[in-house]
$ cat structure_3.pdb   # PDB, C-alpha atoms, pLDDT in the B column
ATOM      1  CA  MET O   1       4.437 -15.469 -17.428  1.00 77.00           C
ATOM      2  CA  ASN O   2       2.251 -18.548 -17.003  1.00 86.00           C
ATOM      3  CA  LYS O   3      -1.300 -18.739 -18.336  1.00 89.00           C
ATOM      4  CA  ARG O   4      -2.998 -18.380 -14.939  1.00 88.00           C
ATOM      5  CA  LEU O   5      -1.017 -15.285 -14.000  1.00 90.00           C
ATOM      6  CA  LYS O   6      -1.752 -13.764 -17.395  1.00 92.00           C
ATOM      7  CA  GLU O   7      -5.485 -14.298 -16.827  1.00 92.00           C
ATOM      8  CA  ILE O   8      -5.265 -12.552 -13.450  1.00 91.00           C
ATOM      9  CA  HIS O   9      -3.436  -9.576 -14.968  1.00 93.00           C
ATOM     10  CA  GLU O  10      -6.045  -9.286 -17.706  1.00 94.00           C
ATOM     11  CA  MET O  11      -8.910  -9.329 -15.207  1.00 93.00           C
ATOM     12  CA  ASN O  12      -7.136  -6.817 -12.968  1.00 93.00           C
ATOM     13  CA  ALA O  13      -6.689  -4.528 -15.975  1.00 93.00           C
ATOM     14  CA  ARG O  14     -10.466  -4.524 -16.449  1.00 93.00           C
ATOM     15  CA  TRP O  15     -11.105  -3.816 -12.774  1.00 91.00           C
ATOM     16  CA  GLU O  16      -8.490  -1.066 -12.772  1.00 92.00           C
ATOM     17  CA  LYS O  17     -10.592   0.920 -15.227  1.00 89.00           C
ATOM     18  CA  GLU O  18     -13.455   0.954 -12.716  1.00 86.00           C
ATOM     19  CA  SER O  19     -11.490   1.396  -9.493  1.00 87.00           C
ATOM     20  CA  PRO O  20      -7.924   2.588 -10.154  1.00 89.00           C
ATOM     21  CA  TYR O  21      -7.446   3.401  -6.458  1.00 86.00           C
ATOM     22  CA  ASN O  22      -7.136  -0.331  -5.734  1.00 86.00           C
ATOM     23  CA  PHE O  23      -4.137  -0.562  -8.042  1.00 90.00           C
ATOM     24  CA  CYS O  24      -2.136   2.562  -7.243  1.00 90.00           C
ATOM     25  CA  ASP O  25       0.703   3.814  -5.072  1.00 91.00           C
ATOM     26  CA  ARG O  26      -1.364   6.655  -3.544  1.00 88.00           C
ATOM     27  CA  TRP O  27       0.914   9.335  -5.022  1.00 90.00           C
ATOM     28  CA  CYS O  28      -1.982  11.286  -6.525  1.00 87.00           C
ATOM     29  CA  GLU O  29      -0.091  14.337  -7.777  1.00 85.00           C
ATOM     30  CA  ARG O  30       2.135  12.108  -9.916  1.00 88.00           C
ATOM     31  CA  CYS O  31      -0.784  10.209 -11.397  1.00 88.00           C
ATOM     32  CA  VAL O  32      -1.619  10.747 -15.064  1.00 89.00           C
ATOM     33  CA  HIS O  33      -4.698  12.867 -15.738  1.00 89.00           C
ATOM     34  CA  GLU O  34      -6.479  10.059 -17.571  1.00 90.00           C
ATOM     35  CA  LYS O  35      -6.392   7.971 -14.409  1.00 89.00           C
ATOM     36  CA  GLN O  36      -7.187  10.859 -12.079  1.00 88.00           C
ATOM     37  CA  ILE O  37     -10.511  11.547 -13.785  1.00 88.00           C
ATOM     38  CA  ARG O  38     -11.481   7.876 -13.350  1.00 90.00           C
ATOM     39  CA  CYS O  39     -10.544   7.731  -9.678  1.00 88.00           C
ATOM     40  CA  ALA O  40     -13.356   8.319  -7.198  1.00 85.00           C
ATOM     41  CA  LEU O  41     -10.929   8.816  -4.314  1.00 84.00           C
ATOM     42  CA  TYR O  42      -8.942  11.439  -6.211  1.00 88.00           C
ATOM     43  CA  LYS O  43     -12.110  13.319  -7.166  1.00 88.00           C
ATOM     44  CA  ASP O  44     -13.360  13.218  -3.570  1.00 85.00           C
ATOM     45  CA  GLU O  45     -10.016  14.557  -2.364  1.00 86.00           C
ATOM     46  CA  LEU O  46     -10.015  17.281  -5.014  1.00 88.00           C
ATOM     47  CA  GLU O  47     -13.554  18.286  -4.044  1.00 87.00           C
ATOM     48  CA  ARG O  48     -12.478  18.611  -0.428  1.00 86.00           C
ATOM     49  CA  LYS O  49      -9.479  20.801  -1.227  1.00 88.00           C
ATOM     50  CA  ILE O  50     -11.391  23.056  -3.632  1.00 91.00           C
ATOM     51  CA  THR O  51     -14.190  23.528  -1.106  1.00 90.00           C
ATOM     52  CA  CYS O  52     -11.723  24.482   1.616  1.00 90.00           C
ATOM     53  CA  ILE O  53     -10.008  27.007  -0.648  1.00 92.00           C
ATOM     54  CA  ALA O  54     -13.352  28.411  -1.865  1.00 91.00           C
ATOM     55  CA  HIS O  55     -14.246  29.171   1.756  1.00 89.00           C
ATOM     56  CA  GLY O  56     -10.951  30.953   2.297  1.00 90.00           C
ATOM     57  CA  ARG O  57      -9.586  28.170   4.471  1.00 91.00           C
ATOM     58  CA  ASP O  58      -6.465  26.044   4.372  1.00 90.00           C
ATOM     59  CA  GLU O  59      -6.895  23.154   1.916  1.00 86.00           C
ATOM     60  CA  ASP O  60      -6.714  20.718   4.844  1.00 85.00           C
ATOM     61  CA  ASP O  61      -9.126  22.611   7.097  1.00 88.00           C
ATOM     62  CA  SER O  62     -10.454  20.049   9.579  1.00 89.00           C
ATOM     63  CA  GLU O  63     -13.954  21.516   9.986  1.00 90.00           C
ATOM     64  CA  ILE O  64     -14.768  21.600   6.270  1.00 87.00           C
ATOM     65  CA  THR O  65     -13.025  18.276   5.677  1.00 87.00           C
ATOM     66  CA  GLU O  66     -15.200  16.597   8.300  1.00 87.00           C
ATOM     67  CA  ALA O  67     -18.394  18.035   6.797  1.00 87.00           C
ATOM     68  CA  ILE O  68     -17.458  16.956   3.272  1.00 84.00           C
ATOM     69  CA  MET O  69     -16.479  13.439   4.334  1.00 82.00           C
ATOM     70  CA  GLU O  70     -19.760  13.022   6.206  1.00 83.00           C
ATOM     71  CA  GLU O  71     -21.621  13.869   3.011  1.00 81.00           C
ATOM     72  CA  GLN O  72     -19.392  11.721   0.803  1.00 74.00           C
ATOM     73  CA  TYR O  73     -19.763   8.659   3.031  1.00 77.00           C
ATOM     74  CA  LYS O  74     -23.436   9.163   3.836  1.00 77.00           C
ATOM     75  CA  GLU O  75     -24.481   6.541   1.292  1.00 73.00           C
ATOM     76  CA  VAL O  76     -21.954   4.065   2.699  1.00 74.00           C
ATOM     77  CA  ASP O  77     -23.365   4.517   6.194  1.00 73.00           C
ATOM     78  CA  GLU O  78     -26.884   3.992   4.876  1.00 76.00           C
ATOM     79  CA  ASN O  79     -25.875   0.782   3.090  1.00 76.00           C
ATOM     80  CA  LEU O  80     -24.152  -0.533   6.210  1.00 77.00           C
ATOM     81  CA  SER O  81     -27.237   0.228   8.276  1.00 80.00           C
ATOM     82  CA  GLU O  82     -29.387  -1.679   5.797  1.00 79.00           C
ATOM     83  CA  CYS O  83     -27.071  -4.691   6.014  1.00 75.00           C
ATOM     84  CA  ARG O  84     -27.113  -4.613   9.812  1.00 77.00           C
ATOM     85  CA  ASP O  85     -30.911  -4.536   9.841  1.00 78.00           C
ATOM     86  CA  LYS O  86     -31.277  -7.165   7.124  1.00 74.00           C
ATOM     87  CA  PHE O  87     -28.932  -9.701   8.685  1.00 69.00           C
ATOM     88  CA  GLY O  88     -29.485  -8.789  12.331  1.00 72.00           C
ATOM     89  CA  ILE O  89     -25.876  -7.764  12.892  1.00 71.00           C
ATOM     90  CA  ASN O  90     -24.956  -6.011  16.119  1.00 71.00           C
ATOM     91  CA  PRO O  91     -21.513  -4.415  15.654  1.00 64.00           C
ATOM     92  CA  ASP O  92     -21.045  -4.169  19.424  1.00 65.00           C
ATOM     93  CA  VAL O  93     -21.448  -7.898  20.029  1.00 60.00           C
ATOM     94  CA  GLY O  94     -18.169  -9.746  19.899  1.00 57.00           C
ATOM     95  CA  ALA O  95     -16.123  -6.584  19.514  1.00 55.00           C
ATOM     96  CA  LEU O  96     -12.693  -6.743  21.109  1.00 54.00           C
ATOM     97  CA  ASP O  97     -11.584  -4.258  23.717  1.00 58.00           C
ATOM     98  CA  ASP O  98      -8.028  -2.958  23.695  1.00 53.00           C
ATOM     99  CA  GLU O  99      -7.151  -5.424  26.447  1.00 54.00           C
ATOM    100  CA  ASP O 100      -8.621  -8.414  24.623  1.00 55.00           C
ATOM    101  CA  THR O 101      -6.463 -10.804  22.652  1.00 65.00           C
ATOM    102  CA  VAL O 102      -7.324 -13.548  20.211  1.00 66.00           C
ATOM    103  CA  ASP O 103      -6.342 -17.068  21.215  1.00 74.00           C
ATOM    104  CA  PHE O 104      -4.282 -18.201  18.243  1.00 75.00           C
ATOM    105  CA  GLU O 105      -4.798 -21.886  19.019  1.00 80.00           C
ATOM    106  CA  SER O 106      -8.573 -21.446  18.946  1.00 80.00           C
ATOM    107  CA  LEU O 107      -8.521 -20.274  15.337  1.00 79.00           C
ATOM    108  CA  PRO O 108      -9.310 -22.737  12.514  1.00 80.00           C
ATOM    109  CA  GLN O 109      -6.284 -24.674  11.303  1.00 84.00           C
ATOM    110  CA  ASP O 110      -6.347 -23.159   7.818  1.00 81.00           C
ATOM    111  CA  VAL O 111      -6.387 -19.647   9.306  1.00 79.00           C
ATOM    112  CA  GLN O 112      -3.491 -20.509  11.646  1.00 83.00           C
ATOM    113  CA  LYS O 113      -1.528 -21.834   8.693  1.00 83.00           C
ATOM    114  CA  HIS O 114      -2.204 -18.692   6.690  1.00 82.00           C
ATOM    115  CA  LEU O 115      -1.182 -16.375   9.532  1.00 83.00           C
ATOM    116  CA  ARG O 116       2.092 -18.257   9.930  1.00 86.00           C
ATOM    117  CA  PHE O 117       2.605 -18.006   6.170  1.00 85.00           C
ATOM    118  CA  VAL O 118       2.330 -14.209   6.351  1.00 85.00           C
ATOM    119  CA  GLN O 119       4.282 -13.645   9.562  1.00 85.00           C
ATOM    120  CA  ASN O 120       7.180 -15.950   8.705  1.00 87.00           C
ATOM    121  CA  ASN O 121       7.403 -15.226   4.999  1.00 90.00           C
ATOM    122  CA  PRO O 122      10.866 -14.017   3.903  1.00 91.00           C
ATOM    123  CA  LEU O 123       9.192 -11.190   1.995  1.00 92.00           C
ATOM    124  CA  GLU O 124       7.620  -9.841   5.168  1.00 91.00           C
ATOM    125  CA  LEU O 125      10.944  -9.966   6.988  1.00 92.00           C
ATOM    126  CA  ALA O 126      12.889  -8.424   4.095  1.00 95.00           C
ATOM    127  CA  ALA O 127      10.367  -5.593   3.753  1.00 94.00           C
ATOM    128  CA  LYS O 128      10.636  -4.767   7.450  1.00 95.00           C
ATOM    129  CA  SER O 129      14.417  -4.770   7.218  1.00 96.00           C
ATOM    130  CA  TYR O 130      14.375  -2.508   4.164  1.00 97.00           C
ATOM    131  CA  CYS O 131      11.935  -0.102   5.816  1.00 96.00           C
ATOM    132  CA  HIS O 132      14.117   0.106   8.925  1.00 97.00           C
ATOM    133  CA  LYS O 133      17.326   0.718   6.949  1.00 97.00           C
ATOM    134  CA  ALA O 134      15.688   3.243   4.629  1.00 97.00           C
ATOM    135  CA  ARG O 135      14.220   5.190   7.540  1.00 97.00           C
ATOM    136  CA  ALA O 136      17.605   5.363   9.259  1.00 96.00           C
ATOM    137  CA  PHE O 137      19.252   6.478   6.020  1.00 97.00           C
ATOM    138  CA  LEU O 138      16.653   9.188   5.396  1.00 97.00           C
ATOM    139  CA  GLN O 139      16.924  10.478   8.945  1.00 95.00           C
ATOM    140  CA  ASN O 140      20.677  10.875   8.553  1.00 94.00           C
ATOM    141  CA  THR O 141      20.652  12.406   5.085  1.00 96.00           C
ATOM    142  CA  PHE O 142      17.302  13.919   4.156  1.00 96.00           C
ATOM    143  CA  TYR O 143      14.853  14.625   6.950  1.00 93.00           C
ATOM    144  CA  ASP O 144      15.497  18.005   8.596  1.00 83.00           C
ATOM    145  CA  ASN O 145      18.383  18.622   6.215  1.00 84.00           C
ATOM    146  CA  ASP O 146      18.218  21.962   4.413  1.00 84.00           C
ATOM    147  CA  LYS O 147      21.418  21.324   2.475  1.00 87.00           C
ATOM    148  CA  VAL O 148      20.182  18.511   0.241  1.00 90.00           C
ATOM    149  CA  ASP O 149      21.204  19.039  -3.367  1.00 93.00           C
ATOM    150  CA  PRO O 150      18.062  20.235  -5.217  1.00 93.00           C
ATOM    151  CA  ILE O 151      18.938  17.868  -8.060  1.00 95.00           C
ATOM    152  CA  LEU O 152      18.664  14.904  -5.681  1.00 96.00           C
ATOM    153  CA  LYS O 153      15.688  16.096  -3.656  1.00 95.00           C
ATOM    154  CA  TYR O 154      13.153  14.326  -5.847  1.00 95.00           C
ATOM    155  CA  ASP O 155      15.103  11.062  -5.566  1.00 97.00           C
ATOM    156  CA  PHE O 156      15.060  11.345  -1.787  1.00 97.00           C
ATOM    157  CA  VAL O 157      11.313  11.977  -1.916  1.00 96.00           C
ATOM    158  CA  VAL O 158      10.883   8.810  -3.989  1.00 97.00           C
ATOM    159  CA  VAL O 159      12.782   6.701  -1.455  1.00 97.00           C
ATOM    160  CA  SER O 160      10.867   8.337   1.379  1.00 97.00           C
ATOM    161  CA  TRP O 161       7.465   7.795  -0.231  1.00 96.00           C
ATOM    162  CA  TYR O 162       7.935   4.157  -1.106  1.00 97.00           C
ATOM    163  CA  HIS O 163       9.893   2.758   1.849  1.00 96.00           C
ATOM    164  CA  THR O 164       6.808   2.558   4.074  1.00 95.00           C
ATOM    165  CA  LEU O 165       4.294   1.912   1.305  1.00 95.00           C
ATOM    166  CA  LEU O 166       6.323  -1.091   0.136  1.00 95.00           C
ATOM    167  CA  GLN O 167       6.026  -2.797   3.508  1.00 94.00           C
ATOM    168  CA  VAL O 168       2.282  -2.153   3.731  1.00 94.00           C
ATOM    169  CA  LYS O 169       1.553  -3.302   0.181  1.00 95.00           C
ATOM    170  CA  LEU O 170       3.644  -6.447   0.589  1.00 94.00           C
ATOM    171  CA  HIS O 171       1.815  -7.327   3.787  1.00 92.00           C
ATOM    172  CA  ARG O 172      -1.529  -6.834   2.047  1.00 92.00           C
ATOM    173  CA  ALA O 173      -0.399  -9.002  -0.859  1.00 92.00           C
ATOM    174  CA  LEU O 174       0.771 -11.799   1.424  1.00 91.00           C
ATOM    175  CA  CYS O 175      -2.483 -11.668   3.387  1.00 88.00           C
ATOM    176  CA  GLY O 176      -4.403 -12.235   0.167  1.00 86.00           C
ATOM    177  CA  PHE O 177      -2.119 -14.929  -1.187  1.00 80.00           C
ATOM    178  CA  HIS O 178      -4.049 -18.206  -0.853  1.00 67.00           C
ATOM    179  CA  GLU O 179      -6.344 -16.558   1.697  1.00 61.00           C
ATOM    180  CA  PRO O 180      -8.401 -19.461   3.160  1.00 56.00           C
ATOM    181  CA  ALA O 181     -11.198 -17.279   4.492  1.00 50.00           C
ATOM    182  CA  CYS O 182     -12.028 -15.766   1.101  1.00 52.00           C
ATOM    183  CA  GLU O 183     -14.705 -17.164  -1.160  1.00 52.00           C
ATOM    184  CA  GLY O 184     -13.433 -17.499  -4.691  1.00 58.00           C
ATOM    185  CA  GLU O 185     -10.096 -15.952  -5.618  1.00 80.00           C
ATOM    186  CA  LEU O 186     -10.731 -12.238  -5.182  1.00 85.00           C
ATOM    187  CA  ALA O 187      -8.012 -11.992  -2.525  1.00 87.00           C
ATOM    188  CA  LEU O 188      -5.490 -13.618  -4.862  1.00 89.00           C
ATOM    189  CA  TYR O 189      -6.340 -11.153  -7.635  1.00 92.00           C
ATOM    190  CA  ASP O 190      -5.811  -8.318  -5.162  1.00 92.00           C
ATOM    191  CA  ALA O 191      -2.514  -9.841  -4.027  1.00 92.00           C
ATOM    192  CA  VAL O 192      -1.211  -9.836  -7.592  1.00 94.00           C
ATOM    193  CA  ALA O 193      -2.332  -6.223  -7.994  1.00 95.00           C
ATOM    194  CA  GLN O 194      -0.445  -5.220  -4.845  1.00 95.00           C
ATOM    195  CA  PHE O 195       2.639  -7.065  -6.067  1.00 96.00           C
ATOM    196  CA  GLN O 196       2.572  -4.851  -9.171  1.00 96.00           C
ATOM    197  CA  VAL O 197       2.594  -1.752  -6.985  1.00 96.00           C
ATOM    198  CA  CYS O 198       5.476  -3.229  -4.993  1.00 96.00           C
ATOM    199  CA  LYS O 199       7.528  -3.890  -8.114  1.00 97.00           C
ATOM    200  CA  LYS O 200       6.953  -0.325  -9.261  1.00 96.00           C
ATOM    201  CA  ALA O 201       8.024   0.972  -5.839  1.00 97.00           C
ATOM    202  CA  ILE O 202      11.170  -1.157  -5.937  1.00 98.00           C
ATOM    203  CA  THR O 203      12.121  -0.157  -9.482  1.00 97.00           C
ATOM    204  CA  LEU O 204      11.756   3.564  -8.798  1.00 97.00           C
ATOM    205  CA  SER O 205      13.505   3.313  -5.419  1.00 98.00           C
ATOM    206  CA  ILE O 206      16.468   1.453  -6.906  1.00 98.00           C
ATOM    207  CA  ASP O 207      16.815   4.091  -9.608  1.00 98.00           C
ATOM    208  CA  ALA O 208      16.652   6.865  -7.000  1.00 98.00           C
ATOM    209  CA  LEU O 209      19.206   5.220  -4.693  1.00 98.00           C
ATOM    210  CA  ARG O 210      21.648   4.773  -7.557  1.00 98.00           C
ATOM    211  CA  LYS O 211      21.415   8.491  -8.331  1.00 97.00           C
ATOM    212  CA  ILE O 212      21.883   9.412  -4.668  1.00 97.00           C
ATOM    213  CA  SER O 213      24.780   7.037  -4.016  1.00 97.00           C
ATOM    214  CA  PRO O 214      27.675   8.950  -5.687  1.00 97.00           C
ATOM    215  CA  ALA O 215      26.915  12.071  -3.642  1.00 96.00           C
ATOM    216  CA  TYR O 216      26.910  10.183  -0.326  1.00 96.00           C
ATOM    217  CA  PRO O 217      30.020   7.964  -0.215  1.00 96.00           C
ATOM    218  CA  ALA O 218      29.874   7.845   3.586  1.00 95.00           C
ATOM    219  CA  PHE O 219      26.607   5.913   3.286  1.00 96.00           C
ATOM    220  CA  SER O 220      27.691   3.546   0.519  1.00 97.00           C
ATOM    221  CA  VAL O 221      27.341   0.472   2.747  1.00 97.00           C
ATOM    222  CA  GLN O 222      23.795   1.383   3.784  1.00 97.00           C
ATOM    223  CA  ILE O 223      22.801   2.110   0.191  1.00 98.00           C
ATOM    224  CA  LYS O 224      24.247  -1.195  -1.016  1.00 97.00           C
ATOM    225  CA  GLU O 225      22.292  -3.008   1.704  1.00 97.00           C
ATOM    226  CA  MET O 226      19.068  -1.310   0.627  1.00 98.00           C
ATOM    227  CA  LEU O 227      19.743  -2.127  -3.019  1.00 98.00           C
ATOM    228  CA  ALA O 228      20.451  -5.763  -2.172  1.00 97.00           C
ATOM    229  CA  LEU O 229      17.240  -6.034  -0.161  1.00 97.00           C
ATOM    230  CA  SER O 230      15.283  -4.378  -2.969  1.00 97.00           C
ATOM    231  CA  HIS O 231      16.553  -6.855  -5.549  1.00 97.00           C
ATOM    232  CA  ASN O 232      15.875  -9.727  -3.162  1.00 96.00           C
ATOM    233  CA  ILE O 233      12.289  -8.606  -2.585  1.00 97.00           C
ATOM    234  CA  HIS O 234      11.689  -8.148  -6.307  1.00 97.00           C
ATOM    235  CA  SER O 235      13.016 -11.634  -7.089  1.00 96.00           C
ATOM    236  CA  ARG O 236      10.848 -13.224  -4.411  1.00 95.00           C
ATOM    237  CA  ILE O 237       7.756 -11.419  -5.689  1.00 95.00           C
ATOM    238  CA  VAL O 238       8.377 -12.715  -9.209  1.00 94.00           C
ATOM    239  CA  ALA O 239       8.871 -16.238  -7.848  1.00 93.00           C
ATOM    240  CA  MET O 240       5.600 -16.069  -5.900  1.00 91.00           C
ATOM    241  CA  GLU O 241       3.728 -14.803  -8.940  1.00 92.00           C
ATOM    242  CA  GLU O 242       5.082 -17.606 -11.101  1.00 90.00           C
ATOM    243  CA  SER O 243       4.039 -20.152  -8.466  1.00 88.00           C
ATOM    244  CA  ILE O 244       0.370 -19.299  -9.042  1.00 86.00           C
ATOM    245  CA  THR O 245      -1.352 -22.115 -10.885  1.00 80.00           C
TER
END
$ encode --input "structure_3.pdb" --output "C-alpha cells"
Amino acid sequence: MNKRLKEIHEMNARWEKESPYNFCDRWCERCVHEKQIRCALYKDELERKITCIAHGRDEDDSEITEAIMEEQYKEVDENLSECRDKFGINPDVGALDDEDTVDFESLPQDVQKHLRFVQNNPLELAAKSYCHKARAFLQNTFYDNDKVDPILKYDFVVVSWYHTLLQVKLHRALCGFHEPACEGELALYDAVAQFQVCKKAITLSIDALRKISPAYPAFSVQIKEMLALSHNIHSRIVAMEESIT
C-alpha cells in the first residue's frame, strides 16, 4: 500500500467513527453492536420499527413510517430552506422534466472526460456482467425455490445481497474517482471507502459460491464465470487503489 492510499484509509477510519453508514454494506442485522450504536441511520430505523410495534402495527407500517420520517428529517428540511433563502436558490428553476435530456457535448470537457471514464471503465462493465449472471443463477436456483438446502441458504442470501450492491457501490466509487467537479478530494476519499465495501462483497460472495458449487454441478459453468468475474473485479480495484498518488 502506497503512502497516499494509507493516508486516505487512516482519514476514512476517523470519519467512519462519526458516520459508519457511509462505509457499510447496508446489511444492518449483520452489523456488530458497537457499530450499530454509532450509526444514526440504524438508530432511526430501529426507532421506526419499535414505534410501529408499540402501536400494534406491522414493523413496516406505512402510516407510522411516514410520520416518523417527517419528524426525523424535519431539521434537514429546515436547513435546506435556510440555504435556499440565503443563496436565493429556486429548486424549480432549471429542473429537468422527464422528457428533457442533457446535451453531452455542451458539458465542460473535464466533465465529459469523467463521464466517459465511468461509463467505459472495465470495472463498470464487469460489474454489470456479474450482476446479470448472478441474477440469472439465483432465479434458477434460489428465488421461489422451497427445496434449497438449509445449510446453503445463508450462502445464497449472501450472493443475493451483494450482487446488486456491488454494482451500485462500484459505480459510486468510479464516479468519485478523480471527480473534476469536486472541490478538494472528498470524492476520492469516498471512492476508496466504497472500494473497501466492494472488496468485502466480493470476498464473501466468492466464499459463498464455492460452498454452493459442489451441490449444483449443473451450474458449474455459471459459477466459474461468476468467480472469474469476481476475481477480475477485485484485481482491478486493487490496481486502481494503487494508482492513487
$ atom_distance --input "structure_3.pdb" --atom1 "atom CA of Ala127 of chain O" --atom2 "atom CA of Gln167 of chain O"
5.2 Å
$ atom_distance --input "structure_3.pdb" --atom1 "atom CA of Lys43 of chain O" --atom2 "atom CA of Asp61 of chain O"
17.3 Å
$ closest_residue --input "structure_3.pdb" --among "O:Ser205, O:Thr245, O:Thr51, O:Ser81" --to "Tyr130 of chain O" --atoms "only C-alpha atoms"
O:Ser205
$ residues_around --input "structure_3.pdb" --residues "segment 194-200 of chain O" --least-positions-apart "3" --cutoff "7 Å" --atoms "only C-alpha atoms" --output "list in words"
Phe23, Cys24, Asp25, Leu166, Lys169, Leu170, Ala173, Asp190, Ala191, Thr203, Leu204, His234 and Ile237 of chain O
$ closest_residue --input "structure_3.pdb" --among "O:Ile244, O:Ala187, O:Leu46, O:Leu152" --to "Pro214 of chain O" --atoms "only C-alpha atoms"
O:Leu152
$ resolve_selection --input "structure_3.pdb" --expression "the PyMOL selection byres ((chain O and resi 118-120) around 12)" --output "ChimeraX atom specification"
/O:111-117,121-128,170-179
$ write_last_selection --input "structure_3.pdb" --atoms "C-alpha atoms" --output "PDB file, in the frame of the given file"
ATOM      1  CA  VAL O 111      -6.387 -19.647   9.306  1.00 79.00           C
ATOM      2  CA  GLN O 112      -3.491 -20.509  11.646  1.00 83.00           C
ATOM      3  CA  LYS O 113      -1.528 -21.834   8.693  1.00 83.00           C
ATOM      4  CA  HIS O 114      -2.204 -18.692   6.690  1.00 82.00           C
ATOM      5  CA  LEU O 115      -1.182 -16.375   9.532  1.00 83.00           C
ATOM      6  CA  ARG O 116       2.092 -18.257   9.930  1.00 86.00           C
ATOM      7  CA  PHE O 117       2.605 -18.006   6.170  1.00 85.00           C
ATOM      8  CA  ASN O 121       7.403 -15.226   4.999  1.00 90.00           C
ATOM      9  CA  PRO O 122      10.866 -14.017   3.903  1.00 91.00           C
ATOM     10  CA  LEU O 123       9.192 -11.190   1.995  1.00 92.00           C
ATOM     11  CA  GLU O 124       7.620  -9.841   5.168  1.00 91.00           C
ATOM     12  CA  LEU O 125      10.944  -9.966   6.988  1.00 92.00           C
ATOM     13  CA  ALA O 126      12.889  -8.424   4.095  1.00 95.00           C
ATOM     14  CA  ALA O 127      10.367  -5.593   3.753  1.00 94.00           C
ATOM     15  CA  LYS O 128      10.636  -4.767   7.450  1.00 95.00           C
ATOM     16  CA  LEU O 170       3.644  -6.447   0.589  1.00 94.00           C
ATOM     17  CA  HIS O 171       1.815  -7.327   3.787  1.00 92.00           C
ATOM     18  CA  ARG O 172      -1.529  -6.834   2.047  1.00 92.00           C
ATOM     19  CA  ALA O 173      -0.399  -9.002  -0.859  1.00 92.00           C
ATOM     20  CA  LEU O 174       0.771 -11.799   1.424  1.00 91.00           C
ATOM     21  CA  CYS O 175      -2.483 -11.668   3.387  1.00 88.00           C
ATOM     22  CA  GLY O 176      -4.403 -12.235   0.167  1.00 86.00           C
ATOM     23  CA  PHE O 177      -2.119 -14.929  -1.187  1.00 80.00           C
ATOM     24  CA  HIS O 178      -4.049 -18.206  -0.853  1.00 67.00           C
ATOM     25  CA  GLU O 179      -6.344 -16.558   1.697  1.00 61.00           C
TER      26      GLU O 179
END
$ closest_residue --input "structure_3.pdb" --among "O:Ala13, O:Val32, O:Ile212, O:Met226" --to "Asp149 of chain O" --atoms "all atoms listed in the file"
O:Ile212
$ resolve_selection --input "structure_3.pdb" --expression "the PyMOL selection byres ((chain O and resi 224) around 12)" --output "list of chain:residue names"
O:Tyr130, O:Lys133, O:Ala134, O:Phe137, O:Ile206, O:Leu209, O:Arg210, O:Ile212, O:Ser213, O:Pro214, O:Tyr216, O:Pro217, O:Ala218, O:Phe219, O:Ser220, O:Val221, O:Gln222, O:Ile223, O:Glu225, O:Met226, O:Leu227, O:Ala228, O:Leu229, O:Ser230, O:His231
$ residues_around --input "structure_3.pdb" --residues "segment 18-21 of chain O" --least-positions-apart "4" --cutoff "9 Å" --atoms "only C-alpha atoms" --output "ChimeraX atom specification"
/O:14,25-26,35-36,38-42
$ atom_distance --input "structure_3.pdb" --atom1 "atom CA of Arg48 of chain O" --atom2 "atom CA of Ile68 of chain O"
6.4 Å
$ closest_residue --input "structure_3.pdb" --among "O:Ile151, O:Cys131, O:Met11, O:Leu186" --to "Leu165 of chain O" --atoms "all atoms listed in the file"
O:Cys131
$ closest_residue --input "structure_3.pdb" --among "O:Val157, O:Cys31, O:Ala201, O:Val192" --to "Val238 of chain O" --atoms "only C-alpha atoms"
O:Val192
$ closest_residue --input "structure_3.pdb" --among "O:Glu82, O:Val148, O:Leu188, O:Ile89" --to "Glu7 of chain O" --atoms "only C-alpha atoms"
O:Leu188
